[in-house]
Structures are given as C-alpha cells and as structure tokens.
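So the structure is just underneath, and the comments pick up after that.
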Amino acid sequence: MSEELNIRALSVTAAAKLLKVSPKTIREHIRRGLPLVDKRIDLIVYGAWLNQQEQNLPARQAGRQSDGA
C-alpha cells in the first residue's frame, strides 16, 4: 500500500513528485516568494500562490515593456 501524504506539509521532493515537476522548479518558486508553513509546502497555499502569480503576470510584463526590456 502507498504511503499517505499530508498535502498540507510536504517536502520539496514529495511536492515535486506529486506535481510532476522538478524539485528545482519548486525551489525557484520558494526563492520567488512561495510561503512555507513550518518549513514545509502546503499544496493549498502553493495553488493560491501560483494563481496570484498568474494574475500578476500581465502587470509584470507591461512593466518590462515600459522599461524598455
């Protein structure tokens, strides 16, 4: 039988495996501001954070274009 996962307290490795992304991707998100809960990843918080990042993307892109980048 498979081990039960607590989606509210995952390690980087466990979250990466569950989400089918590389641990490097998750570590980059942590560097960009993904909040940790007791040094663990909460998938509910992660989903909300990703949604917020996506909503802010057009504003960040517009800022880059107006800066001449």
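Residues are referred to by chain and number: the chain letter is A, B, ... according to the order shown in the structure tokens, the number counts from 1 in that chain, and ligands are numbered separately from 1 in the order shown.
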Check your understanding: So which residues of chain A fall under helix (DSSP H, G or I) by DSSP, listed as a VMD selection string?
Key -> chain A and resid 12 to 19 23 to 31 43 to 66
Residues just named, written with C-alpha atoms as a PDB file, in the first residue's frame:
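Heads up, here's the output in selection.pdb:
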ATOM      1  CA  VAL A  12      10.201  19.804  -1.800  1.00  0.00           C
ATOM      2  CA  THR A  13      10.880  16.296  -3.109  1.00  0.00           C
ATOM      3  CA  ALA A  14       7.417  14.975  -2.245  1.00  0.00           C
ATOM      4  CA  ALA A  15       5.688  18.036  -3.728  1.00  0.00           C
ATOM      5  CA  ALA A  16       7.746  17.768  -6.921  1.00  0.00           C
ATOM      6  CA  LYS A  17       6.910  14.103  -7.304  1.00  0.00           C
ATOM      7  CA  LEU A  18       3.205  14.694  -6.679  1.00  0.00           C
ATOM      8  CA  LEU A  19       3.032  17.671  -9.062  1.00  0.00           C
ATOM      9  CA  PRO A  23      12.449  19.936  -7.367  1.00  0.00           C
ATOM     10  CA  LYS A  24      14.454  22.773  -8.977  1.00  0.00           C
ATOM     11  CA  THR A  25      11.173  24.369 -10.140  1.00  0.00           C
ATOM     12  CA  ILE A  26       9.721  24.288  -6.641  1.00  0.00           C
ATOM     13  CA  ARG A  27      12.924  25.670  -5.116  1.00  0.00           C
ATOM     14  CA  GLU A  28      12.791  28.541  -7.621  1.00  0.00           C
ATOM     15  CA  HIS A  29       9.210  29.268  -6.572  1.00  0.00           C
ATOM     16  CA  ILE A  30      10.332  29.338  -2.941  1.00  0.00           C
ATOM     17  CA  ARG A  31      13.067  31.839  -3.875  1.00  0.00           C
ATOM     18  CA  LEU A  43      -0.342  22.483  -1.555  1.00  0.00           C
ATOM     19  CA  ILE A  44      -3.357  24.684  -0.864  1.00  0.00           C
ATOM     20  CA  VAL A  45      -1.081  27.674  -0.215  1.00  0.00           C
ATOM     21  CA  TYR A  46       1.017  26.696  -3.252  1.00  0.00           C
ATOM     22  CA  GLY A  47      -2.032  26.653  -5.521  1.00  0.00           C
ATOM     23  CA  ALA A  48      -3.182  30.044  -4.245  1.00  0.00           C
ATOM     24  CA  TRP A  49       0.324  31.458  -4.689  1.00  0.00           C
ATOM     25  CA  LEU A  50       0.551  30.160  -8.275  1.00  0.00           C
ATOM     26  CA  ASN A  51      -2.857  31.649  -9.061  1.00  0.00           C
ATOM     27  CA  GLN A  52      -1.760  35.004  -7.664  1.00  0.00           C
ATOM     28  CA  GLN A  53       1.455  34.889  -9.710  1.00  0.00           C
ATOM     29  CA  GLU A  54      -0.522  34.207 -12.874  1.00  0.00           C
ATOM     30  CA  GLN A  55      -2.900  37.096 -12.165  1.00  0.00           C
ATOM     31  CA  ASN A  56       0.056  39.450 -11.653  1.00  0.00           C
ATOM     32  CA  LEU A  57       1.852  38.297 -14.809  1.00  0.00           C
ATOM     33  CA  PRO A  58       0.266  40.847 -17.215  1.00  0.00           C
ATOM     34  CA  ALA A  59       1.249  43.734 -14.911  1.00  0.00           C
ATOM     35  CA  ARG A  60       4.842  42.476 -14.645  1.00  0.00           C
ATOM     36  CA  GLN A  61       5.086  42.027 -18.413  1.00  0.00           C
ATOM     37  CA  ALA A  62       3.727  45.513 -19.043  1.00  0.00           C
ATOM     38  CA  GLY A  63       6.318  46.905 -16.606  1.00  0.00           C
ATOM     39  CA  ARG A  64       9.113  45.181 -18.512  1.00  0.00           C
ATOM     40  CA  GLN A  65       7.907  46.573 -21.819  1.00  0.00           C
ATOM     41  CA  SER A  66       7.638  50.131 -20.494  1.00  0.00           C
TER      42      SER A  66
END
Exercise for review: Write out as a VMD selection string each polymer residue whose atoms come within 10 Å of Ala9 in chain A, counting only C-alpha atoms; drop sequence neighbours fewer than 6 positions from it.
Suggested key: chain A and resid 15 36 to 44
Requested write-out: C-alpha atoms of the selected residues, as a CSV table (one decimal), in the first residue's frame:
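Final file, part-v6.csv:
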chain,number,residue,atom,x,y,z
A,15,ALA,CA,5.7,18.0,-3.7
A,36,LEU,CA,6.3,27.8,3.5
A,37,VAL,CA,4.3,26.6,6.5
A,38,ASP,CA,6.7,25.3,9.2
A,39,LYS,CA,9.4,24.9,6.5
A,40,ARG,CA,7.1,22.6,4.5
A,41,ILE,CA,5.0,23.1,1.4
A,42,ASP,CA,1.2,23.4,1.8
A,43,LEU,CA,-0.3,22.5,-1.6
A,44,ILE,CA,-3.4,24.7,-0.9
Exercise for review: Just the strand (DSSP E or B) stuff from chain A, please, per backbone DSSP, written as a VMD selection string.
Suggested key: chain A and resid 10 37 40 to 41
